[in-house]
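First comes the structure, then the notes that go with it.
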Amino acid sequence: MHIFNNPNYDFLRWRWHAMIVSWVLILAGLFAIYTKGIPKGVEFAGGTVVILKFDQAASIEQVRSALDKSFQGGGENLQVQAYDDPSLHEVMVRVPQVGAESGGALSSTRKTIEDALQKANIGHFTVAGTEIVGPAVGQELRTKGLWATVLSLIGILAYLAFRFQFSFGVGAVVATIHDLLITLAFLAFFRYDMSLNVIAAILTMTGYSTNDTIVIYDRIRENLRSMRRDSLNHVINVSVNQTLGRTVITSGTALLTALALFFFGGEVLHGFAFTMIVGIITGTYSSVFIAAAIVSFWRGSGPTRAAAHAPAVSTPSAPPQPTRRAKPTRKARAS
Amino acid sequence: MGNNTRWKVITIVAVLVIFGAVGVYPLVAAHFGINSPSWLMDKQLKLGLDLKGGVHLVLRVQTDDALRLETEQTMERLRAELQAKNLPVTNISSPTVSQFRVDGVPPAQDAAFRQIAAEVDANFTRGTGVNGSYLFTMKPNIQQNLRDEAVVQARQTIERRVNELGVTEPSISQQGQSGDQILVQLPGVTDVERAKSIIQSTGLLELKIVEQGPSPTKEALMQNGVVPQGMEIVPGVSGAPGDTGTVYYLVRKAAAVTGRDVRNARPTVDENNLPAVGFTLSSEGGAKFGKVSGENIGRSLAIILDGRVQSAPRLESRITTDGRITGSFTPEEVQNLSLILRSGALPATLTYLEEKTIGPSLGADSIRSGVLASVVGLLLVAVFMLGYYRLSGINAVVALVFNLVILLGMMAYIGAVMTLPGIAGFVLTMGIGVDSNVLIFERIKEELEAQRGVRASINTGFGRVFWTLVDTHIAALISAAFLFQFGTGPIRGFAVTLFFGLASNLFTSIFVSKTLFELVLGHRRQVAALSI
């Protein structure tokens, strides 16, 4: 069975369109982030989250009106929403940092919430979970997340420069940064909270995006050796087409698991799964349209003769089979 | 079956059995209540706090306290020495936690001052002494040592207290960029307020002789508006029944006995059958206490806890090793206080930065949805692989199952903790892991279309893809390593899952999958077609 029958699309011809689409999305995303920001989860913003489990279903309005009286400014900064599966009767209340969440006063907001709801008499409830974060923690997490991303990008750049060539490393890193920006844009569009889990998803996504890119690069490297007379752009196109079936299938299976997490993984994993879904789609797209195009930009699109001498890596074909010397050189099939 | 293939199969079966025994069997046995030897069950995959429920606290150790103590002690020693040697100065003060200054050293006695200072200020750098003013600043390496020590001591004290609380499998670790944070995880604990107050109480017990008081105001205890030399004023309760107002005691600054001398503490009752804490001193502490109490029969002894007088009973006789703290305590307070005294005082105050509680129901919900999502995700992938690659899809699914078993086994073996993001990472690892199979199969298809034989196509397919897989896996490992390095708690668990997932994926997709093909093709010389 084949998804594509001998595909022969001219991906590089579309690179300009692709870049315009990407830039529009990224700029729109940056605009959204600049104007509205990405909402921060309690781990980053600080504050108090209380998850209440009612014996009987309680309406969000009831809970909200009960709390409004107990918080300054009528509780306009309160966030009250249903949590997880409706059959569980769970309500999440989030209060932004009031400045007291440190030392002995750390849990004062939680007490205010509990007392207010008990007084309001809207049904028996238990506190299923709480999360209270003081101001100091968020800052440190932010710094750490940023460092983890930057350093892993540098690590990947170095590895690809070593295994392939510098231009390939640049292509992969640009594609990954592209994916990061697109993902952040979608987080801003869809108002998902930036949480630790989302950071984990973003970092996983960077790994995944590079993975896709490397598979295509690997084929370009292989073809550069057998198609010395062809232009680099032609080689790139052939390589992307040859790996297209694999690219789509792999994204498909990864997407299936991410979708399963999104629909069945419960409230806690929602942001994580959403980030992964966006990341998988944009990662695939950028591998095909962005990463290879960057190599072409960087190196110019002339004949590959000069380039073919350069590939830094000894041999891509496998050591487990010592038969490789006997093998005839592969012919390009895309012509 | 060739000799070569036989060994491969034996290897694979051995790996499967070992990892299955460590990773899968204990879970199954626990679920169905099968009796199994404990050496097998001990390694069972542990659930993280977010799945099991419990309390998660992050505290900061105020390491400045440790510096302030050192600065003040040195300053007081210098003051005492100067007094003893009759060297008058106008002022001695401590502007910051790591500095103190001496003003008004008479120019004629400058050399004498330097000599005295040199005896006590080894941990400080002394300023130049312009106009008779000296600034003493603690040396940076001493500051760092004191801070590190304070955190380690605080951690150890918290460990002792948590153990006294009887929490199973608590986890207490240092974290944070400056290393002054302590992460405390208490699985199964629901009473967060009790846990917090027990951990946070400084627990500094001091027994001091009362010179004067109790008195309703501080001023009444002062002489000419100042506190007499070598004395201090401590607030507390009068101890009279029904009286809850604050009163003040003038006590000697030097403590007769401190919490360090306490060997044991336990709940008991006083002569009125009210809850009290009984304590036993070490023999050294007992000797000290015996001397002081013998000399002061008839006077009152202030029992000061964390800077507050709890009670001030009259010393009726000489007391050595056994004593009792009375006051207006509830039975629960007495329990907690005994526990705190047994575990020793904290070297510095603690502040809470973060608090998270996960109720048992929330944890159970997370497990349920995590498992459901995993099963659905894996089934979808398996169905797709079977539909798309036909019989070769079976190969991929077998590799997937192997991957699952090996990963579970590895996680259990290293004692990794399964968190909800960990489960998500698990499923994603599987979903992304079939990529290796897809890559190989697609390559085999290409080779088959180029009219190569089945066997040659399979060999070439695996061969060509090998380095691609190495490259993709190493790049992913780089990300996972940084994730681990910079992550905390659940994120680390996630990185660990990714890391081992990548390793086992490399094994199953290349070694297991290839061997399966070899098994199926067997000895047949001519293989006409491959279902792929």
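Letters for chains follow the order of the structure tokens (A, B, ...), residue numbers begin at 1 for each chain, and ligand numbers begin at 1 in the order shown.
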
Residues of chain B within 7 Å of chain A, counting only C-alpha atoms, what are they? List them as a tab-separated table (two decimals) with C-alpha atoms, in the first residue's frame.
```tsv
chain	number	residue	atom	x	y	z
B	351	THR	CA	9.64	30.05	54.47
B	352	TYR	CA	7.24	28.23	52.20
B	353	LEU	CA	7.48	29.02	48.51
B	354	GLU	CA	5.10	26.50	47.12
B	355	GLU	CA	2.50	24.12	48.34
B	356	LYS	CA	0.61	21.52	46.43
B	357	THR	CA	-1.85	18.99	47.70
B	358	ILE	CA	-3.29	16.22	45.62
B	359	GLY	CA	-6.25	14.46	47.10
B	361	SER	CA	-9.53	11.07	44.35
B	362	LEU	CA	-7.72	13.49	42.06
B	366	SER	CA	-5.40	11.03	36.77
B	369	SER	CA	-7.49	8.98	32.31
B	370	GLY	CA	-3.76	8.48	31.83
B	372	LEU	CA	-7.23	5.16	29.12
B	373	ALA	CA	-5.42	7.63	26.87
B	376	VAL	CA	-6.43	4.15	23.11
B	377	GLY	CA	-3.30	5.76	21.66
B	378	LEU	CA	-1.39	2.49	21.44
B	380	LEU	CA	-4.79	3.27	17.28
B	381	VAL	CA	-1.14	3.03	16.33
B	388	TYR	CA	-1.01	-0.28	6.34
B	421	PRO	CA	3.42	13.69	32.40
B	427	VAL	CA	2.66	7.00	25.16
B	428	LEU	CA	4.30	9.59	22.94
B	431	GLY	CA	3.78	6.74	19.04
B	432	ILE	CA	6.97	8.35	17.84
B	435	ASP	CA	8.79	5.92	13.26
B	438	VAL	CA	8.10	3.07	9.33
B	439	LEU	CA	11.46	4.36	8.18
B	442	GLU	CA	9.39	2.40	3.63
B	463	GLY	CA	21.43	-1.16	6.64
B	464	ARG	CA	20.73	2.19	5.07
B	466	PHE	CA	20.79	2.43	10.65
B	467	TRP	CA	22.73	5.68	10.69
B	468	THR	CA	19.62	7.73	10.13
B	472	THR	CA	17.69	11.02	15.01
B	475	ALA	CA	19.49	14.46	18.56
B	476	ALA	CA	16.47	13.46	20.64
B	478	ILE	CA	20.36	15.75	23.50
B	479	SER	CA	16.95	17.35	24.07
B	482	PHE	CA	18.73	19.15	28.78
B	483	LEU	CA	15.17	18.54	29.84
B	486	PHE	CA	16.82	21.83	33.91
B	491	ILE	CA	9.50	17.07	34.32
```

Inset, instruction - Just list the residues in segment 3-134 of chain A DSSP gives strand (DSSP E or B) on the backbone, as a PyMOL selection string. - result: chain A and resi 40+47-54+79-83+90-96+125-133

Written selection (C-alpha atoms) as a PDB file, in the first residue's frame:
```
ATOM      1  CA  LYS A  40       0.604  31.756  32.566  1.00  0.00           C
ATOM      2  CA  GLY A  47      -1.162  32.415  43.057  1.00  0.00           C
ATOM      3  CA  THR A  48      -3.566  29.839  44.328  1.00  0.00           C
ATOM      4  CA  VAL A  49      -5.511  27.094  42.619  1.00  0.00           C
ATOM      5  CA  VAL A  50      -8.047  25.082  44.542  1.00  0.00           C
ATOM      6  CA  ILE A  51      -9.910  22.143  43.059  1.00  0.00           C
ATOM      7  CA  LEU A  52     -13.168  21.482  44.841  1.00  0.00           C
ATOM      8  CA  LYS A  53     -15.157  18.308  44.534  1.00  0.00           C
ATOM      9  CA  PHE A  54     -18.844  18.775  45.254  1.00  0.00           C
ATOM     10  CA  GLN A  79     -11.180  32.306  37.606  1.00  0.00           C
ATOM     11  CA  VAL A  80     -13.904  29.774  38.287  1.00  0.00           C
ATOM     12  CA  GLN A  81     -14.433  26.909  35.910  1.00  0.00           C
ATOM     13  CA  ALA A  82     -15.586  23.329  35.697  1.00  0.00           C
ATOM     14  CA  TYR A  83     -12.702  20.906  35.999  1.00  0.00           C
ATOM     15  CA  GLU A  90     -15.244  19.308  40.182  1.00  0.00           C
ATOM     16  CA  VAL A  91     -14.738  23.051  40.115  1.00  0.00           C
ATOM     17  CA  MET A  92     -11.437  24.824  39.801  1.00  0.00           C
ATOM     18  CA  VAL A  93     -10.940  28.204  41.447  1.00  0.00           C
ATOM     19  CA  ARG A  94      -7.872  30.196  40.603  1.00  0.00           C
ATOM     20  CA  VAL A  95      -6.852  33.348  42.401  1.00  0.00           C
ATOM     21  CA  PRO A  96      -3.955  35.400  41.101  1.00  0.00           C
ATOM     22  CA  PHE A 125     -17.631  19.722  49.094  1.00  0.00           C
ATOM     23  CA  THR A 126     -14.133  18.458  49.723  1.00  0.00           C
ATOM     24  CA  VAL A 127     -10.890  19.987  48.590  1.00  0.00           C
ATOM     25  CA  ALA A 128      -9.532  17.563  46.021  1.00  0.00           C
ATOM     26  CA  GLY A 129      -6.313  19.401  45.408  1.00  0.00           C
ATOM     27  CA  THR A 130      -4.545  22.689  45.862  1.00  0.00           C
ATOM     28  CA  GLU A 131      -1.601  24.385  44.346  1.00  0.00           C
ATOM     29  CA  ILE A 132      -0.125  27.497  45.860  1.00  0.00           C
ATOM     30  CA  VAL A 133       2.921  29.118  44.358  1.00  0.00           C
TER      31      VAL A 133
END
```

Inset, instruction - Write down as a list in words the residues belonging to segment 186-336 of chain B that are assigned alpha helix (DSSP H) by DSSP computed on the backbone. - result: Val192, Glu193, Arg194, Ala195, Lys196, Ser197, Ile198, Ile199, Gln200, Ser283, Glu284, Gly285, Gly286, Ala287, Lys288, Phe289, Gly290, Lys291, Val292, Ser293, Gly294, Glu295, Pro331, Glu332, Glu333, Val334, Gln335 and Asn336 of chain B

How would the residues just picked look written out with C-alpha atoms as a PDB file, in the first residue's frame?
```
ATOM      1  CA  VAL B 192      -1.189  19.724  55.096  1.00  0.00           C
ATOM      2  CA  GLU B 193      -1.421  22.258  57.918  1.00  0.00           C
ATOM      3  CA  ARG B 194      -0.057  19.867  60.542  1.00  0.00           C
ATOM      4  CA  ALA B 195       2.756  18.762  58.261  1.00  0.00           C
ATOM      5  CA  LYS B 196       3.632  22.353  57.506  1.00  0.00           C
ATOM      6  CA  SER B 197       3.694  23.542  61.084  1.00  0.00           C
ATOM      7  CA  ILE B 198       5.788  20.592  62.215  1.00  0.00           C
ATOM      8  CA  ILE B 199       8.313  21.101  59.467  1.00  0.00           C
ATOM      9  CA  GLN B 200       8.503  24.834  59.935  1.00  0.00           C
ATOM     10  CA  SER B 283      24.245  13.201  80.661  1.00  0.00           C
ATOM     11  CA  GLU B 284      26.344  16.234  79.767  1.00  0.00           C
ATOM     12  CA  GLY B 285      23.256  18.443  79.625  1.00  0.00           C
ATOM     13  CA  GLY B 286      22.035  16.914  82.855  1.00  0.00           C
ATOM     14  CA  ALA B 287      25.251  17.838  84.649  1.00  0.00           C
ATOM     15  CA  LYS B 288      25.002  21.418  83.420  1.00  0.00           C
ATOM     16  CA  PHE B 289      21.351  21.623  84.368  1.00  0.00           C
ATOM     17  CA  GLY B 290      21.970  20.085  87.780  1.00  0.00           C
ATOM     18  CA  LYS B 291      24.552  22.738  88.579  1.00  0.00           C
ATOM     19  CA  VAL B 292      22.374  25.670  87.508  1.00  0.00           C
ATOM     20  CA  SER B 293      19.187  24.353  89.099  1.00  0.00           C
ATOM     21  CA  GLY B 294      20.979  23.534  92.343  1.00  0.00           C
ATOM     22  CA  GLU B 295      22.339  27.079  92.578  1.00  0.00           C
ATOM     23  CA  PRO B 331      -2.939  17.030  73.558  1.00  0.00           C
ATOM     24  CA  GLU B 332      -2.174  17.480  69.856  1.00  0.00           C
ATOM     25  CA  GLU B 333       0.215  20.366  70.506  1.00  0.00           C
ATOM     26  CA  VAL B 334       2.001  18.209  73.018  1.00  0.00           C
ATOM     27  CA  GLN B 335       2.368  15.458  70.419  1.00  0.00           C
ATOM     28  CA  ASN B 336       3.780  17.853  67.861  1.00  0.00           C
TER      29      ASN B 336
END
```

Legend entry - Shell of 10 Å around Tyr25 of chain B, only C-alpha atoms, local chain residues under 3 positions omitted, as a list in words: Val17, Phe19, Gly20, Ala21, Val22, Val28, Ala29, Ala30, His31, Ile34, Ser36, Leu40, Met41, Gln44, Val405 and Gly409 of chain B

Legend entry - Separation of atom CA of Arg191 of chain A from atom CA of His270 of chain A, in Å and rounded to one decimal: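 For atom CA of Arg191 of chain A relative to atom CA of His270 of chain A, the distance reads 12.0 Å.
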